[in-house]
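Raw entry_30.pdb, PDB, C-alpha atoms and all ligand atoms:
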ATOM      1  CA  SER Q   1     119.036  74.574-202.002
ATOM      2  CA  LYS Q   2     116.312  72.357-203.357
ATOM      3  CA  LYS Q   3     112.873  73.788-203.866
ATOM      4  CA  VAL Q   4     110.091  72.038-205.746
ATOM      5  CA  VAL Q   5     107.985  74.260-207.975
ATOM      6  CA  LEU Q   6     105.304  73.819-210.617
ATOM      7  CA  GLY Q   7     106.049  74.778-214.214
ATOM      8  CA  LYS Q   8     104.192  74.726-217.495
ATOM      9  CA  VAL Q   9     105.358  73.094-220.711
ATOM     10  CA  LEU Q  10     105.551  75.693-223.508
ATOM     11  CA  LEU Q  11     107.219  73.465-226.096
ATOM     12  CA  ASN Q  12     108.337  69.844-226.244
ATOM     13  CA  GLU Q  13     109.642  68.544-229.542
ATOM     14  CA  MET Q  14     112.080  66.024-230.946
ATOM     15  CA  ILE Q  15     115.147  67.768-232.390
ATOM     16  CA  GLU Q  16     117.096  64.627-233.247
ATOM     17  CA  LYS Q  17     116.576  60.891-232.796
ATOM     18  CA  ASP Q  18     115.854  60.321-229.080
ATOM     19  CA  VAL Q  19     116.755  63.926-228.252
ATOM     20  CA  TYR Q  20     114.031  66.357-227.152
ATOM     21  CA  LYS Q  21     113.854  70.047-226.450
ATOM     22  CA  MET Q  22     111.466  71.170-223.721
ATOM     23  CA  VAL Q  23     110.761  74.767-222.773
ATOM     24  CA  ILE Q  24     109.241  75.189-219.320
ATOM     25  CA  ARG Q  25     107.780  78.405-217.992
ATOM     26  CA  GLN Q  26     108.761  78.731-214.343
ATOM     27  CA  GLU Q  27     109.889  82.155-213.277
ATOM     28  CA  GLU Q  28     111.513  81.312-209.950
ATOM     29  CA  ALA Q  29     113.575  78.477-211.473
ATOM     30  CA  ALA Q  30     114.648  80.706-214.377
ATOM     31  CA  LYS Q  31     115.594  83.642-212.150
ATOM     32  CA  SER Q  32     117.848  81.529-209.935
ATOM     33  CA  ALA Q  33     119.554  79.497-212.691
ATOM     34  CA  ALA Q  34     123.144  79.727-213.957
ATOM     35  CA  PRO Q  35     124.988  77.933-216.792
ATOM     36  CA  GLY Q  36     126.022  74.363-216.004
ATOM     37  CA  GLN Q  37     123.345  73.862-213.362
ATOM     38  CA  PHE Q  38     120.573  71.284-213.631
ATOM     39  CA  VAL Q  39     116.987  70.829-212.491
ATOM     40  CA  ASN Q  40     115.289  67.709-211.235
ATOM     41  CA  LEU Q  41     112.146  66.830-213.180
ATOM     42  CA  TYR Q  42     109.445  64.720-211.574
ATOM     43  CA  THR Q  43     107.397  62.168-213.476
ATOM     44  CA  LYS Q  44     103.648  62.096-212.980
ATOM     45  CA  SER Q  45     103.460  58.398-212.263
ATOM     46  CA  GLU Q  46     103.679  57.354-208.623
ATOM     47  CA  SER Q  47     105.722  54.292-209.528
ATOM     48  CA  MET Q  48     108.809  56.358-210.262
ATOM     49  CA  LEU Q  49     109.571  58.366-207.186
ATOM     50  CA  LEU Q  50     113.069  59.446-208.113
ATOM     51  CA  PRO Q  51     113.173  62.596-210.173
ATOM     52  CA  ARG Q  52     115.459  62.876-213.201
ATOM     53  CA  PRO Q  53     118.295  65.408-213.239
ATOM     54  CA  ILE Q  54     118.349  67.306-216.553
ATOM     55  CA  SER Q  55     120.920  69.949-217.371
ATOM     56  CA  ILE Q  56     119.826  73.457-218.296
ATOM     57  CA  CYS Q  57     120.435  74.345-221.942
ATOM     58  CA  GLU Q  58     119.160  77.924-221.946
ATOM     59  CA  ILE Q  59     117.810  80.367-219.396
ATOM     60  CA  GLY Q  60     115.150  82.928-220.327
ATOM     61  CA  THR Q  61     113.485  85.635-218.249
ATOM     62  CA  ASP Q  62     110.824  83.226-217.020
ATOM     63  CA  THR Q  63     111.681  80.037-218.915
ATOM     64  CA  LEU Q  64     114.184  77.200-218.886
ATOM     65  CA  THR Q  65     115.064  75.253-222.019
ATOM     66  CA  LEU Q  66     116.101  71.659-221.435
ATOM     67  CA  VAL Q  67     117.524  69.409-224.130
ATOM     68  CA  TYR Q  68     117.392  65.822-222.933
ATOM     69  CA  GLY Q  69     118.007  62.353-224.212
ATOM     70  CA  VAL Q  70     115.292  59.709-224.023
ATOM     71  CA  VAL Q  71     117.214  56.992-222.240
ATOM     72  CA  GLY Q  72     114.686  55.294-219.961
ATOM     73  CA  LYS Q  73     111.166  55.257-218.588
ATOM     74  CA  GLY Q  74     111.283  58.681-216.942
ATOM     75  CA  THR Q  75     112.672  60.590-219.901
ATOM     76  CA  LYS Q  76     110.334  58.625-222.206
ATOM     77  CA  GLU Q  77     107.429  59.958-220.145
ATOM     78  CA  PHE Q  78     108.766  63.539-220.385
ATOM     79  CA  SER Q  79     108.944  63.191-224.169
ATOM     80  CA  SER Q  80     105.188  62.508-224.259
ATOM     81  CA  TYR Q  81     104.207  65.746-222.501
ATOM     82  CA  ASN Q  82     102.143  68.241-224.425
ATOM     83  CA  VAL Q  83     102.180  72.009-224.596
ATOM     84  CA  GLY Q  84     100.206  73.333-221.641
ATOM     85  CA  ASP Q  85     100.936  70.377-219.352
ATOM     86  CA  ALA Q  86     101.997  71.075-215.796
ATOM     87  CA  ILE Q  87     105.374  69.711-214.709
ATOM     88  CA  LYS Q  88     106.948  69.500-211.282
ATOM     89  CA  LEU Q  89     110.604  70.455-211.059
ATOM     90  CA  THR Q  90     113.176  71.808-208.657
ATOM     91  CA  THR Q  91     114.769  75.199-208.954
ATOM     92  CA  ALA Q  92     118.343  75.082-210.317
ATOM     93  CA  LEU Q  93     120.758  72.739-208.552
ATOM     94  CA  GLY Q  94     124.525  72.256-208.542
ATOM     95  CA  ASN Q  95     127.460  74.637-208.786
ATOM     96  CA  GLY Q  96     127.538  75.283-212.545
ATOM     97  CA  PHE Q  97     130.372  76.593-214.707
ATOM     98  CA  THR Q  98     132.399  79.645-213.699
ATOM     99  CA  PRO Q  99     132.981  81.903-216.719
ATOM    100  CA  ALA Q 100     136.692  82.706-216.831
ATOM    101  CA  ASP Q 101     138.556  85.774-218.063
ATOM    102  CA  ALA Q 102     140.191  84.537-221.240
ATOM    103  CA  LYS Q 103     140.793  85.615-224.835
ATOM    104  CA  VAL Q 104     139.884  82.289-226.417
ATOM    105  CA  HIS Q 105     137.358  79.957-224.763
ATOM    106  CA  ILE Q 106     136.983  76.410-226.035
ATOM    107  CA  LEU Q 107     133.746  74.560-225.265
ATOM    108  CA  VAL Q 108     134.070  70.821-225.677
ATOM    109  CA  GLY Q 109     130.910  68.729-225.690
ATOM    110  CA  GLY Q 110     129.908  65.160-226.305
ATOM    111  CA  GLY Q 111     126.351  64.138-227.259
ATOM    112  CA  ILE Q 112     123.825  64.960-224.581
ATOM    113  CA  GLY Q 113     126.620  66.862-222.774
ATOM    114  CA  VAL Q 114     126.409  69.659-225.361
ATOM    115  CA  PRO Q 115     123.253  71.426-224.008
ATOM    116  CA  PRO Q 116     124.788  73.157-220.943
ATOM    117  CA  LEU Q 117     127.493  74.672-223.169
ATOM    118  CA  VAL Q 118     124.830  76.739-224.980
ATOM    119  CA  GLU Q 119     123.897  78.886-221.972
ATOM    120  CA  LEU Q 120     127.556  79.044-220.955
ATOM    121  CA  ALA Q 121     128.476  80.526-224.350
ATOM    122  CA  LYS Q 122     126.208  83.514-223.619
ATOM    123  CA  HIS Q 123     128.184  84.291-220.463
ATOM    124  CA  LEU Q 124     131.656  84.326-222.023
ATOM    125  CA  GLU Q 125     133.477  87.386-223.340
ATOM    126  CA  GLY Q 126     136.027  87.011-226.118
ATOM    127  CA  GLU Q 127     136.476  84.439-228.843
ATOM    128  CA  LYS Q 128     134.371  81.306-228.458
ATOM    129  CA  ILE Q 129     135.013  77.981-230.145
ATOM    130  CA  ALA Q 130     132.899  74.838-229.701
ATOM    131  CA  VAL Q 131     134.253  71.406-230.514
ATOM    132  CA  ILE Q 132     131.363  68.981-230.235
ATOM    133  CA  GLY Q 133     131.186  65.263-230.872
ATOM    134  CA  PHE Q 134     128.253  62.972-231.593
ATOM    135  CA  ARG Q 135     127.672  59.334-232.394
ATOM    136  CA  GLU Q 136     125.672  60.130-235.533
ATOM    137  CA  ALA Q 137     123.740  63.327-236.153
ATOM    138  CA  PRO Q 138     124.739  66.602-234.478
ATOM    139  CA  PHE Q 139     122.326  68.894-232.640
ATOM    140  CA  LEU Q 140     122.559  72.414-231.147
ATOM    141  CA  HIS Q 141     125.450  73.237-233.519
ATOM    142  CA  GLU Q 142     123.256  75.782-235.318
ATOM    143  CA  ARG Q 143     122.119  77.348-232.060
ATOM    144  CA  LEU Q 144     125.762  77.755-230.971
ATOM    145  CA  GLU Q 145     126.561  79.414-234.308
ATOM    146  CA  GLU Q 146     123.683  81.863-233.775
ATOM    147  CA  LEU Q 147     125.361  82.849-230.524
ATOM    148  CA  GLY Q 148     128.581  83.761-232.314
ATOM    149  CA  VAL Q 149     130.433  80.561-231.533
ATOM    150  CA  LYS Q 150     132.747  79.026-234.135
ATOM    151  CA  VAL Q 151     131.619  75.404-234.243
ATOM    152  CA  TYR Q 152     133.551  72.252-235.178
ATOM    153  CA  VAL Q 153     131.634  68.964-235.338
ATOM    154  CA  ALA Q 154     133.002  65.444-235.001
ATOM    155  CA  THR Q 155     131.077  62.191-235.397
ATOM    156  CA  ASP Q 156     132.102  58.594-234.767
ATOM    157  CA  SER Q 157     131.010  57.576-238.261
ATOM    158  CA  GLY Q 158     132.251  60.670-240.075
ATOM    159  CA  ALA Q 159     128.725  61.131-241.493
ATOM    160  CA  HIS Q 160     128.837  64.741-240.266
ATOM    161  CA  GLY Q 161     131.995  66.785-239.884
ATOM    162  CA  PHE Q 162     135.244  65.217-238.771
ATOM    163  CA  LYS Q 163     135.497  61.440-238.337
ATOM    164  CA  GLY Q 164     136.910  60.851-234.900
ATOM    165  CA  ASN Q 165     136.741  62.313-231.419
ATOM    166  CA  VAL Q 166     136.849  65.887-230.205
ATOM    167  CA  VAL Q 167     140.457  65.793-228.984
ATOM    168  CA  GLU Q 168     141.609  64.447-232.368
ATOM    169  CA  LEU Q 169     139.593  67.191-234.056
ATOM    170  CA  MET Q 170     141.252  69.924-231.951
ATOM    171  CA  GLU Q 171     144.657  68.511-232.821
ATOM    172  CA  GLU Q 172     143.782  68.203-236.513
ATOM    173  CA  LYS Q 173     142.625  71.837-236.687
ATOM    174  CA  GLY Q 174     145.350  73.141-234.395
ATOM    175  CA  LEU Q 175     142.742  74.720-232.104
ATOM    176  CA  VAL Q 176     144.268  76.289-229.012
ATOM    177  CA  GLY Q 177     142.340  78.074-226.288
ATOM    178  CA  ASP Q 178     143.248  79.854-223.084
ATOM    179  CA  TYR Q 179     140.439  78.236-221.125
ATOM    180  CA  TYR Q 180     138.408  75.064-221.656
ATOM    181  CA  TYR Q 181     134.958  73.943-220.459
ATOM    182  CA  SER Q 182     133.469  70.551-221.079
ATOM    183  CA  CYS Q 183     130.512  68.259-220.588
ATOM    184  CA  GLY Q 184     130.013  64.761-221.928
ATOM    185  CA  PRO Q 185     130.896  61.123-221.376
ATOM    186  CA  LYS Q 186     133.646  60.419-218.855
ATOM    187  CA  PRO Q 187     136.191  58.947-221.321
ATOM    188  CA  MET Q 188     135.963  62.187-223.326
ATOM    189  CA  LEU Q 189     136.370  64.337-220.222
ATOM    190  CA  ARG Q 190     139.328  62.259-219.059
ATOM    191  CA  ALA Q 191     141.030  62.557-222.465
ATOM    192  CA  LEU Q 192     140.390  66.306-222.510
ATOM    193  CA  ALA Q 193     141.723  66.753-218.973
ATOM    194  CA  ALA Q 194     144.931  64.945-220.008
ATOM    195  CA  PHE Q 195     145.157  67.080-223.170
ATOM    196  CA  CYS Q 196     144.734  70.303-221.154
ATOM    197  CA  GLU Q 197     147.215  69.195-218.509
ATOM    198  CA  ALA Q 198     149.820  68.493-221.211
ATOM    199  CA  LYS Q 199     149.230  71.979-222.646
ATOM    200  CA  GLY Q 200     149.125  73.671-219.242
ATOM    201  CA  LYS Q 201     145.573  74.945-219.796
ATOM    202  CA  PRO Q 202     142.776  75.092-217.241
ATOM    203  CA  VAL Q 203     139.582  73.089-217.852
ATOM    204  CA  GLN Q 204     136.265  72.861-216.046
ATOM    205  CA  VAL Q 205     134.478  69.553-216.531
ATOM    206  CA  SER Q 206     130.851  68.764-215.803
ATOM    207  CA  LEU Q 207     130.468  65.155-214.665
ATOM    208  CA  GLU Q 208     126.672  65.299-214.880
ATOM    209  CA  GLU Q 209     126.258  62.193-217.049
ATOM    210  CA  ARG Q 210     126.948  60.133-213.924
ATOM    211  CA  MET Q 211     123.965  61.387-211.972
ATOM    212  CA  GLY Q 212     121.051  59.179-210.993
ATOM    213  CA  CYS Q 213     118.603  60.814-208.617
ATOM    214  CA  GLY Q 214     120.142  64.295-208.586
ATOM    215  CA  TYR Q 215     119.628  64.932-204.882
ATOM    216  CA  GLY Q 216     122.016  62.821-202.874
ATOM    217  CA  ALA Q 217     119.963  59.662-202.381
ATOM    218  CA  CYS Q 218     121.308  57.082-204.844
ATOM    219  CA  VAL Q 219     125.125  57.506-204.477
ATOM    220  CA  GLY Q 220     125.304  56.613-208.184
ATOM    221  CA  CYS Q 221     127.243  59.801-208.784
ATOM    222  CA  VAL Q 222     130.200  59.388-206.432
ATOM    223  CA  CYS Q 223     133.528  60.448-207.944
ATOM    224  CA  LYS Q 224     137.034  60.842-206.593
ATOM    225  CA  THR Q 225     138.906  64.093-206.299
ATOM    226  CA  LYS Q 226     142.568  64.390-205.417
ATOM    227  CA  ALA Q 227     143.267  65.093-201.755
ATOM    228  CA  ALA Q 228     146.313  65.380-199.505
ATOM    229  CA  ASN Q 229     145.254  62.566-197.170
ATOM    230  CA  GLU Q 230     146.634  59.048-196.695
ATOM    231  CA  VAL Q 231     144.618  57.507-199.558
ATOM    232  CA  GLY Q 232     145.263  60.438-201.883
ATOM    233  CA  TYR Q 233     141.641  61.092-202.799
ATOM    234  CA  GLU Q 234     138.283  62.166-201.470
ATOM    235  CA  GLN Q 235     134.807  60.899-202.394
ATOM    236  CA  LYS Q 236     132.554  63.592-203.786
ATOM    237  CA  LYS Q 237     128.965  63.512-204.958
ATOM    238  CA  VAL Q 238     128.536  64.988-208.412
ATOM    239  CA  CYS Q 239     124.967  66.113-207.625
ATOM    240  CA  LYS Q 240     125.929  67.848-204.374
ATOM    241  CA  ASP Q 241     129.542  68.988-204.838
ATOM    242  CA  GLY Q 242     129.384  69.399-208.638
ATOM    243  CA  PRO Q 243     128.485  68.753-211.340
ATOM    244  CA  VAL Q 244     131.396  70.995-212.371
ATOM    245  CA  PHE Q 245     134.956  70.285-211.183
ATOM    246  CA  LEU Q 246     138.366  71.435-212.309
ATOM    247  CA  GLY Q 247     139.899  68.806-214.576
ATOM    248  CA  SER Q 248     143.045  68.970-212.448
ATOM    249  CA  GLU Q 249     141.166  68.164-209.232
ATOM    250  CA  VAL Q 250     139.482  64.963-210.481
ATOM    251  CA  ALA Q 251     141.256  61.676-209.681
ATOM    252  CA  TRP Q 252     140.611  60.159-213.141
TER     253      TRP Q 252
HETATM  254 FE1  LIG Q 301     121.965  60.296-206.688
HETATM  255 FE2  LIG Q 301     124.064  62.019-206.564
HETATM  256  S1  LIG Q 301     122.815  61.554-208.234
HETATM  257  S2  LIG Q 301     123.339  60.686-205.039
END

Rewrite the structure of this file - the entire thing - as structure tokens.
Ligand code: FES
Amino acid sequence: SKKVVLGKVLLNEMIEKDVYKMVIRQEEAAKSAAPGQFVNLYTKSESMLLPRPISICEIGTDTLTLVYGVVGKGTKEFSSYNVGDAIKLTTALGNGFTPADAKVHILVGGGIGVPPLVELAKHLEGEKIAVIGFREAPFLHERLEELGVKVYVATDSGAHGFKGNVVELMEEKGLVGDYYYSCGPKPMLRALAAFCEAKGKPVQVSLEERMGCGYGACVGCVCKTKAANEVGYEQKKVCKDGPVFLGSEVAW
């Protein structure tokens, strides 16, 4: 459940164009966090009352590392914070990924959906492969390699790694896993869910890119899951019921 706590910024730096890494010291939030969850960050200005949901990239003993995109006013403000600043946040929210028992895990990420896969990688036993796509420059690929993950990069332009999307890259390299996890833009998740369904492989998808307020107030995050009722689907809130769903349960 939601609890607002006060943290301290230990690091806040740009790691790629419009992408920042922030380390926050907050013991209670760190202790309760799991891979695939998110926190809500509050801006200091009174004019923006809605917090911003940011996915957790790494969990330390008393720290959380967040890697976030600067996409609007709120995240722009976060990017200006200095080391030592106080920051208001919630403890970890959402269901998170469930590490599966599998020989070969494939982590599929797109852009600012890559961060939650980093903490997840630490919780998986067996062979780990990441297939991550970016518009231009990649980030977090080196961190994943440090964690023993075999990393394949795709970019739209082909400036780095494979030119194309992550599903094309998996096909090109003949990568086959027993279990898949993913976070990124919806078209990528939809394509991956179809790919996994065709191969008969399970996939967990995080729909977090759709979130607005992160706590049930904006309904910007509503998605449909399959259901055995007369309309054939159910409305779910990504911030409350997710952000992680089985690919097979989402009504794409
Ligand atoms: Fe606002 Fe879910 S993100 S209601």

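Among the candidate residues Q:Val219, Q:Ala251, Q:Leu11, Q:Ala191, the one lying nearest to ligand LIG 301 (chain Q) is Q:Val219, with distances computed using all atoms listed in the file.
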
Item to check | Test item: residues lying within 7 Å of ligand LIG 301 (chain Q) with only C-alpha atoms and all ligand atoms, as a ChimeraX atom specification | outcome: /Q:211-222,237-240

Using only the atoms of segment 95-99 of chain Q listed in the file, plus 6 Å on each side, state the axis-aligned box centre and edge lengths in Å rounded to one decimal, as AutoDock Vina command-line options.
--center_x 130.2 --center_y 78.3 --center_z -212.8 --size_x 17.5 --size_y 19.3 --size_z 19.9

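The spacing separating atom CA of Gly158 of chain Q from atom CA of Phe134 of chain Q amounts to 9.7 Å.
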
Item to check | segment 28-32 of chain Q surroundings by all atoms listed in the file, 9 Å radius, close-in-sequence under 3 positions cut, as a list in words | outcome: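 Within the cut-off, the hits are Lys3, Val5, Gly7, Arg25, Val39, Ile59, Gly60, Thr61, Asp62, Thr63, Leu64, Leu89, Thr90, Thr91 and Ala92 of chain Q.
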
Reconstruct segment 95-117 of chain Q at the level of N, CA and C atoms, and format the result as a PDB file, in the frame of the given file.
ATOM      1  N   ASN Q  95     126.612  73.434-208.797  1.00  0.00           N
ATOM      2  CA  ASN Q  95     127.460  74.637-208.786  1.00  0.00           C
ATOM      3  C   ASN Q  95     127.508  75.358-210.138  1.00  0.00           C
ATOM      4  N   GLY Q  96     127.470  74.649-211.228  1.00  0.00           N
ATOM      5  CA  GLY Q  96     127.538  75.283-212.545  1.00  0.00           C
ATOM      6  C   GLY Q  96     128.958  75.664-212.941  1.00  0.00           C
ATOM      7  N   PHE Q  97     129.072  76.138-214.185  1.00  0.00           N
ATOM      8  CA  PHE Q  97     130.372  76.593-214.707  1.00  0.00           C
ATOM      9  C   PHE Q  97     130.687  77.992-214.176  1.00  0.00           C
ATOM     10  N   THR Q  98     131.961  78.293-214.044  1.00  0.00           N
ATOM     11  CA  THR Q  98     132.399  79.645-213.699  1.00  0.00           C
ATOM     12  C   THR Q  98     133.041  80.263-214.942  1.00  0.00           C
ATOM     13  N   PRO Q  99     132.387  81.264-215.542  1.00  0.00           N
ATOM     14  CA  PRO Q  99     132.981  81.903-216.719  1.00  0.00           C
ATOM     15  C   PRO Q  99     134.335  82.516-216.353  1.00  0.00           C
ATOM     16  N   ALA Q 100     135.347  82.224-217.142  1.00  0.00           N
ATOM     17  CA  ALA Q 100     136.692  82.706-216.831  1.00  0.00           C
ATOM     18  C   ALA Q 100     137.028  83.913-217.702  1.00  0.00           C
ATOM     19  N   ASP Q 101     138.013  84.676-217.271  1.00  0.00           N
ATOM     20  CA  ASP Q 101     138.556  85.774-218.063  1.00  0.00           C
ATOM     21  C   ASP Q 101     139.567  85.176-219.016  1.00  0.00           C
ATOM     22  N   ALA Q 102     139.255  85.137-220.285  1.00  0.00           N
ATOM     23  CA  ALA Q 102     140.191  84.537-221.240  1.00  0.00           C
ATOM     24  C   ALA Q 102     139.930  85.121-222.613  1.00  0.00           C
ATOM     25  N   LYS Q 103     140.953  85.102-223.463  1.00  0.00           N
ATOM     26  CA  LYS Q 103     140.793  85.615-224.835  1.00  0.00           C
ATOM     27  C   LYS Q 103     140.055  84.608-225.700  1.00  0.00           C
ATOM     28  N   VAL Q 104     140.492  83.343-225.595  1.00  0.00           N
ATOM     29  CA  VAL Q 104     139.884  82.289-226.417  1.00  0.00           C
ATOM     30  C   VAL Q 104     139.339  81.182-225.514  1.00  0.00           C
ATOM     31  N   HIS Q 105     138.017  81.006-225.556  1.00  0.00           N
ATOM     32  CA  HIS Q 105     137.358  79.957-224.763  1.00  0.00           C
ATOM     33  C   HIS Q 105     137.064  78.781-225.679  1.00  0.00           C
ATOM     34  N   ILE Q 106     137.365  77.587-225.246  1.00  0.00           N
ATOM     35  CA  ILE Q 106     136.983  76.410-226.035  1.00  0.00           C
ATOM     36  C   ILE Q 106     135.982  75.571-225.246  1.00  0.00           C
ATOM     37  N   LEU Q 107     134.820  75.343-225.866  1.00  0.00           N
ATOM     38  CA  LEU Q 107     133.746  74.560-225.265  1.00  0.00           C
ATOM     39  C   LEU Q 107     133.755  73.186-225.920  1.00  0.00           C
ATOM     40  N   VAL Q 108     133.947  72.166-225.124  1.00  0.00           N
ATOM     41  CA  VAL Q 108     134.070  70.821-225.677  1.00  0.00           C
ATOM     42  C   VAL Q 108     132.906  69.978-225.174  1.00  0.00           C
ATOM     43  N   GLY Q 109     132.094  69.475-226.102  1.00  0.00           N
ATOM     44  CA  GLY Q 109     130.910  68.729-225.690  1.00  0.00           C
ATOM     45  C   GLY Q 109     130.803  67.401-226.385  1.00  0.00           C
ATOM     46  N   GLY Q 110     130.169  66.463-225.704  1.00  0.00           N
ATOM     47  CA  GLY Q 110     129.908  65.160-226.305  1.00  0.00           C
ATOM     48  C   GLY Q 110     128.446  64.804-226.146  1.00  0.00           C
ATOM     49  N   GLY Q 111     127.734  64.616-227.267  1.00  0.00           N
ATOM     50  CA  GLY Q 111     126.351  64.138-227.259  1.00  0.00           C
ATOM     51  C   GLY Q 111     125.449  64.965-226.367  1.00  0.00           C
ATOM     52  N   ILE Q 112     124.794  64.298-225.436  1.00  0.00           N
ATOM     53  CA  ILE Q 112     123.825  64.960-224.581  1.00  0.00           C
ATOM     54  C   ILE Q 112     124.517  65.847-223.529  1.00  0.00           C
ATOM     55  N   GLY Q 113     125.864  65.923-223.597  1.00  0.00           N
ATOM     56  CA  GLY Q 113     126.620  66.862-222.774  1.00  0.00           C
ATOM     57  C   GLY Q 113     126.750  68.236-223.422  1.00  0.00           C
ATOM     58  N   VAL Q 114     126.288  68.369-224.654  1.00  0.00           N
ATOM     59  CA  VAL Q 114     126.409  69.659-225.361  1.00  0.00           C
ATOM     60  C   VAL Q 114     125.459  70.737-224.789  1.00  0.00           C
ATOM     61  N   PRO Q 115     124.205  70.384-224.425  1.00  0.00           N
ATOM     62  CA  PRO Q 115     123.253  71.426-224.008  1.00  0.00           C
ATOM     63  C   PRO Q 115     123.758  72.471-222.996  1.00  0.00           C
ATOM     64  N   PRO Q 116     124.391  72.099-221.887  1.00  0.00           N
ATOM     65  CA  PRO Q 116     124.788  73.157-220.943  1.00  0.00           C
ATOM     66  C   PRO Q 116     125.820  74.139-221.497  1.00  0.00           C
ATOM     67  N   LEU Q 117     126.494  73.768-222.579  1.00  0.00           N
ATOM     68  CA  LEU Q 117     127.493  74.672-223.169  1.00  0.00           C
ATOM     69  C   LEU Q 117     126.816  75.849-223.888  1.00  0.00           C
TER      70      LEU Q 117
END
